[in-house]
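Below you'll find the structure, written out as structure tokens, and then a few comments.
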Amino acid sequence: MSLFAGTLLAKRLGLLRELVPNAAAIGMLVNTSNPIAEAELREMQALARAGNWPVHVANASTERDLDKAFATLVQQQARALLVGTDSLFLDRREKIAALAERYALPTIYTVREYVVAGAS
């Protein structure tokens with residue numbers, strides 16, 4: 001099986017910017033221990049520079065890191081969130097959806113399973 005969600009990063013970022021136009025800064029949740037993260041981060045940074053949008057990146061490599069990552073993004077005043085491609089995130093989709101709701105962060109995900117799990 002192959003997952004091409006990472007190749008849709010530009011589209012997801014564009015949709016997020018369109019749906020939350022007043023978001024001065026965008027957050028990105030990544031797992032830097034995942035080899036895919038490096039390519040996603042490079043692409044996100046290039047897109048952010050091209051669009052002149054501040055992007056705050058938070059790393060979560062374990063479930064325990066998720067709370068800290070969300071708190072960091074909120075402290076950095078991210079007003080919307082893009083969740084990177086990662087099996088940890090997909091496995092912990094209910095927790096991520098709950099954290100996004102708790103912090104009132106409009107969020108775009110890689111696959112519909114997040115929404116099925118309760119993300120809005």
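The chains in the structure tokens are called A, B, ... from first to last as shown; in each chain the residues are counted from 1, and the ligands are counted from 1 in the order shown.
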Can you pull out the residues contacting Asp86 (chain A)? Cut-off 12 Å, using only C-alpha atoms, and skip same-chain residues under 5 positions away; I want them as a list in words.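 The residues that qualify are Leu3, Phe4, Ala5, Gly6, Leu29, Val30, Asn31, Thr32, Ser33, Asn34, Pro35, Ile36, Ala37, Glu38, Glu40, Asn59, Ala60, Ser61, Thr62, Asp91, Arg92, Arg93, Tyr109, Thr110 and Val111 of chain A.
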Residue contacts of Ile26 (chain A) (8 Å, only C-alpha atoms) excluding same-chain residues fewer than 2 positions away, as a compact mmCIF listing (two decimals) with N, CA and C atoms, in the first residue's frame:
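This went into selection32.txt:
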# COMPACT_ATOMS: atom_id res chain seq x y z
N ALA A 23 -6.40 33.49 9.41
CA ALA A 23 -5.35 32.82 10.18
C ALA A 23 -4.01 33.44 9.82
N ALA A 24 -3.49 34.26 10.70
CA ALA A 24 -2.22 34.93 10.43
C ALA A 24 -1.07 33.93 10.38
N MET A 28 1.79 23.32 11.87
CA MET A 28 1.92 22.03 11.22
C MET A 28 2.40 21.02 12.25
N TRP A 53 3.47 33.44 4.49
CA TRP A 53 2.66 33.02 5.63
C TRP A 53 3.57 32.47 6.71
N PRO A 54 3.41 32.95 7.92
CA PRO A 54 4.17 32.33 9.02
C PRO A 54 3.66 30.91 9.27
N VAL A 55 4.58 29.99 9.46
CA VAL A 55 4.24 28.60 9.78
C VAL A 55 5.00 28.20 11.03
N HIS A 56 4.28 27.62 11.98
CA HIS A 56 4.89 27.11 13.21
C HIS A 56 4.80 25.59 13.17
N ALA A 78 -0.63 29.97 16.46
CA ALA A 78 -1.12 29.34 15.23
C ALA A 78 -2.65 29.41 15.29
N ARG A 79 -3.28 29.76 14.19
CA ARG A 79 -4.74 29.92 14.16
C ARG A 79 -5.43 28.87 13.31
N ALA A 80 -4.65 27.98 12.72
CA ALA A 80 -5.17 26.85 11.95
C ALA A 80 -4.07 25.81 11.94
N LEU A 81 -4.44 24.56 11.64
CA LEU A 81 -3.48 23.47 11.75
C LEU A 81 -3.57 22.53 10.57
N LEU A 82 -2.41 22.12 10.11
CA LEU A 82 -2.28 21.11 9.08
C LEU A 82 -1.58 19.92 9.73
Which one of A:Asn22, A:Gln77, A:Thr107, A:Thr85 sits closest to Leu9 (chain A) if you count only C-alpha atoms?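 Going through A:Asn22, A:Gln77, A:Thr107, A:Thr85 one by one, the smallest distance to Leu9 (chain A) is for A:Thr85.
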Write down as a PyMOL selection string the residues belonging to chain A that are assigned alpha helix (DSSP H) by DSSP computed on the backbone. chain A and resi 9-19+35-51+63-75+87-91+93-102+113-116
Quote the spacing between CA of Lys68 (chain A) and CA of Ala50 (chain A) in Å to one decimal place. 28.7 Å
Would you kindly return, as a tab-separated table (two decimals) with N, CA and C atoms, in the first residue's frame, each protein, DNA or RNA residue with an atom no farther than 8 Å from any atom of Gly118 (chain A), considering only C-alpha atoms and excluding same-chain residues fewer than 4 positions away?
chain	number	residue	atom	x	y	z
A	94	GLU	N	-8.39	10.21	17.32
A	94	GLU	CA	-9.40	10.69	18.27
A	94	GLU	C	-8.79	11.74	19.20
A	97	ALA	N	-8.14	14.95	17.22
A	97	ALA	CA	-9.41	15.66	17.00
A	97	ALA	C	-9.86	16.36	18.28
A	98	ALA	N	-9.72	15.70	19.41
A	98	ALA	CA	-10.12	16.30	20.69
A	98	ALA	C	-9.25	17.51	21.03
A	114	TYR	N	-9.99	10.75	10.10
A	114	TYR	CA	-9.98	11.72	11.20
A	114	TYR	C	-11.38	12.25	11.44
Could you name the residues that touch Asp67 (chain A) at 10 Å or less, counting only C-alpha atoms, but leaving out those on the same chain fewer than 6 positions away, as a tab-separated table (two decimals) with N, CA, C and O atoms, in the first residue's frame?
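The resulting file, out.tsv, is shown below:
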chain	number	residue	atom	x	y	z
A	60	ALA	N	5.68	15.80	17.21
A	60	ALA	CA	5.13	14.81	18.14
A	60	ALA	C	5.56	13.45	17.63
A	60	ALA	O	5.12	13.00	16.59
A	95	LYS	N	-7.59	11.47	19.68
A	95	LYS	CA	-6.91	12.42	20.57
A	95	LYS	C	-6.60	13.72	19.83
A	95	LYS	O	-6.80	14.81	20.36
A	96	ILE	N	-6.11	13.61	18.61
A	96	ILE	CA	-5.79	14.81	17.83
A	96	ILE	C	-7.05	15.62	17.57
A	96	ILE	O	-7.04	16.85	17.69
A	99	LEU	N	-7.96	17.41	20.78
A	99	LEU	CA	-7.07	18.54	21.06
A	99	LEU	C	-7.37	19.72	20.13
A	99	LEU	O	-7.37	20.88	20.56
Calculated over only C-alpha atoms, which of the candidates A:Val57, A:Ile108, A:Leu41, A:Leu19 has the smallest distance to Gln76 (chain A)?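 The closest residue to Gln76 (chain A) is A:Val57.
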Option closest in space to Arg17 (chain A), from A:Ala117, A:Leu73, A:Pro106, A:Leu88 [counting only C-alpha atoms]: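 Of all the options, A:Pro106 lies closest to Arg17 (chain A).
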Residues of region 28-90 of chain A in strand (DSSP E or B), written as an mmCIF file with all heavy atoms, in the first residue's frame:
data_model
loop_
_atom_site.group_PDB
_atom_site.id
_atom_site.type_symbol
_atom_site.label_atom_id
_atom_site.label_comp_id
_atom_site.auth_asym_id
_atom_site.auth_seq_id
_atom_site.Cartn_x
_atom_site.Cartn_y
_atom_site.Cartn_z
ATOM 1 N N MET A 28 1.789 23.325 11.871
ATOM 2 C CA MET A 28 1.916 22.027 11.219
ATOM 3 C C MET A 28 2.397 21.023 12.248
ATOM 4 O O MET A 28 3.411 21.237 12.911
ATOM 5 C CB MET A 28 2.883 22.080 10.051
ATOM 6 C CG MET A 28 2.976 20.758 9.313
ATOM 7 S SD MET A 28 3.957 20.892 7.810
ATOM 8 C CE MET A 28 3.785 19.228 7.182
ATOM 9 N N LEU A 29 1.655 19.948 12.376
ATOM 10 C CA LEU A 29 2.012 18.864 13.281
ATOM 11 C C LEU A 29 2.767 17.804 12.491
ATOM 12 O O LEU A 29 2.258 17.298 11.486
ATOM 13 C CB LEU A 29 0.746 18.263 13.897
ATOM 14 C CG LEU A 29 0.937 17.152 14.913
ATOM 15 C CD1 LEU A 29 1.665 17.677 16.160
ATOM 16 C CD2 LEU A 29 -0.418 16.573 15.296
ATOM 17 N N VAL A 30 3.985 17.508 12.913
ATOM 18 C CA VAL A 30 4.815 16.517 12.224
ATOM 19 C C VAL A 30 5.441 15.557 13.229
ATOM 20 O O VAL A 30 5.549 15.865 14.408
ATOM 21 C CB VAL A 30 5.944 17.170 11.386
ATOM 22 C CG1 VAL A 30 5.390 18.032 10.285
ATOM 23 C CG2 VAL A 30 6.889 17.951 12.266
ATOM 24 N N VAL A 55 4.581 29.989 9.464
ATOM 25 C CA VAL A 55 4.241 28.602 9.781
ATOM 26 C C VAL A 55 5.001 28.200 11.035
ATOM 27 O O VAL A 55 6.203 28.433 11.136
ATOM 28 C CB VAL A 55 4.597 27.653 8.617
ATOM 29 C CG1 VAL A 55 4.412 26.203 9.030
ATOM 30 C CG2 VAL A 55 3.758 27.960 7.400
ATOM 31 N N HIS A 56 4.284 27.619 11.975
ATOM 32 C CA HIS A 56 4.893 27.114 13.206
ATOM 33 C C HIS A 56 4.803 25.594 13.168
ATOM 34 O O HIS A 56 3.724 25.047 12.971
ATOM 35 C CB HIS A 56 4.170 27.652 14.433
ATOM 36 C CG HIS A 56 4.141 29.141 14.491
ATOM 37 N ND1 HIS A 56 5.273 29.902 14.640
ATOM 38 C CD2 HIS A 56 3.116 30.015 14.413
ATOM 39 C CE1 HIS A 56 4.945 31.183 14.655
ATOM 40 N NE2 HIS A 56 3.638 31.272 14.509
ATOM 41 N N VAL A 57 5.922 24.944 13.366
ATOM 42 C CA VAL A 57 5.987 23.488 13.303
ATOM 43 C C VAL A 57 6.115 22.929 14.714
ATOM 44 O O VAL A 57 6.909 23.423 15.516
ATOM 45 C CB VAL A 57 7.194 23.031 12.451
ATOM 46 C CG1 VAL A 57 7.316 21.523 12.447
ATOM 47 C CG2 VAL A 57 7.046 23.566 11.022
ATOM 48 N N ALA A 58 5.315 21.916 14.996
ATOM 49 C CA ALA A 58 5.390 21.227 16.282
ATOM 50 C C ALA A 58 5.618 19.747 16.025
ATOM 51 O O ALA A 58 4.937 19.145 15.195
ATOM 52 C CB ALA A 58 4.112 21.447 17.086
ATOM 53 N N ASN A 59 6.573 19.179 16.739
ATOM 54 C CA ASN A 59 6.905 17.767 16.584
ATOM 55 C C ASN A 59 6.196 16.938 17.641
ATOM 56 O O ASN A 59 6.116 17.328 18.801
ATOM 57 C CB ASN A 59 8.416 17.568 16.709
ATOM 58 C CG ASN A 59 8.797 16.104 16.611
ATOM 59 O OD1 ASN A 59 8.406 15.421 15.668
ATOM 60 N ND2 ASN A 59 9.533 15.626 17.586
ATOM 61 N N ALA A 80 -4.652 27.983 12.718
ATOM 62 C CA ALA A 80 -5.169 26.852 11.946
ATOM 63 C C ALA A 80 -4.071 25.806 11.939
ATOM 64 O O ALA A 80 -2.907 26.111 12.214
ATOM 65 C CB ALA A 80 -5.539 27.282 10.534
ATOM 66 N N LEU A 81 -4.444 24.562 11.642
ATOM 67 C CA LEU A 81 -3.479 23.474 11.755
ATOM 68 C C LEU A 81 -3.566 22.527 10.573
ATOM 69 O O LEU A 81 -4.652 22.157 10.130
ATOM 70 C CB LEU A 81 -3.746 22.682 13.048
ATOM 71 C CG LEU A 81 -2.891 21.450 13.299
ATOM 72 C CD1 LEU A 81 -1.423 21.832 13.478
ATOM 73 C CD2 LEU A 81 -3.404 20.704 14.521
ATOM 74 N N LEU A 82 -2.406 22.125 10.106
ATOM 75 C CA LEU A 82 -2.281 21.109 9.082
ATOM 76 C C LEU A 82 -1.578 19.922 9.734
ATOM 77 O O LEU A 82 -0.500 20.079 10.297
ATOM 78 C CB LEU A 82 -1.452 21.649 7.912
ATOM 79 C CG LEU A 82 -1.401 20.793 6.671
ATOM 80 C CD1 LEU A 82 -1.357 21.682 5.442
ATOM 81 C CD2 LEU A 82 -0.228 19.865 6.688
ATOM 82 N N VAL A 83 -2.213 18.762 9.715
ATOM 83 C CA VAL A 83 -1.634 17.558 10.306
ATOM 84 C C VAL A 83 -0.839 16.819 9.241
ATOM 85 O O VAL A 83 -1.367 16.509 8.170
ATOM 86 C CB VAL A 83 -2.728 16.651 10.914
ATOM 87 C CG1 VAL A 83 -2.131 15.350 11.439
ATOM 88 C CG2 VAL A 83 -3.463 17.383 12.032
#
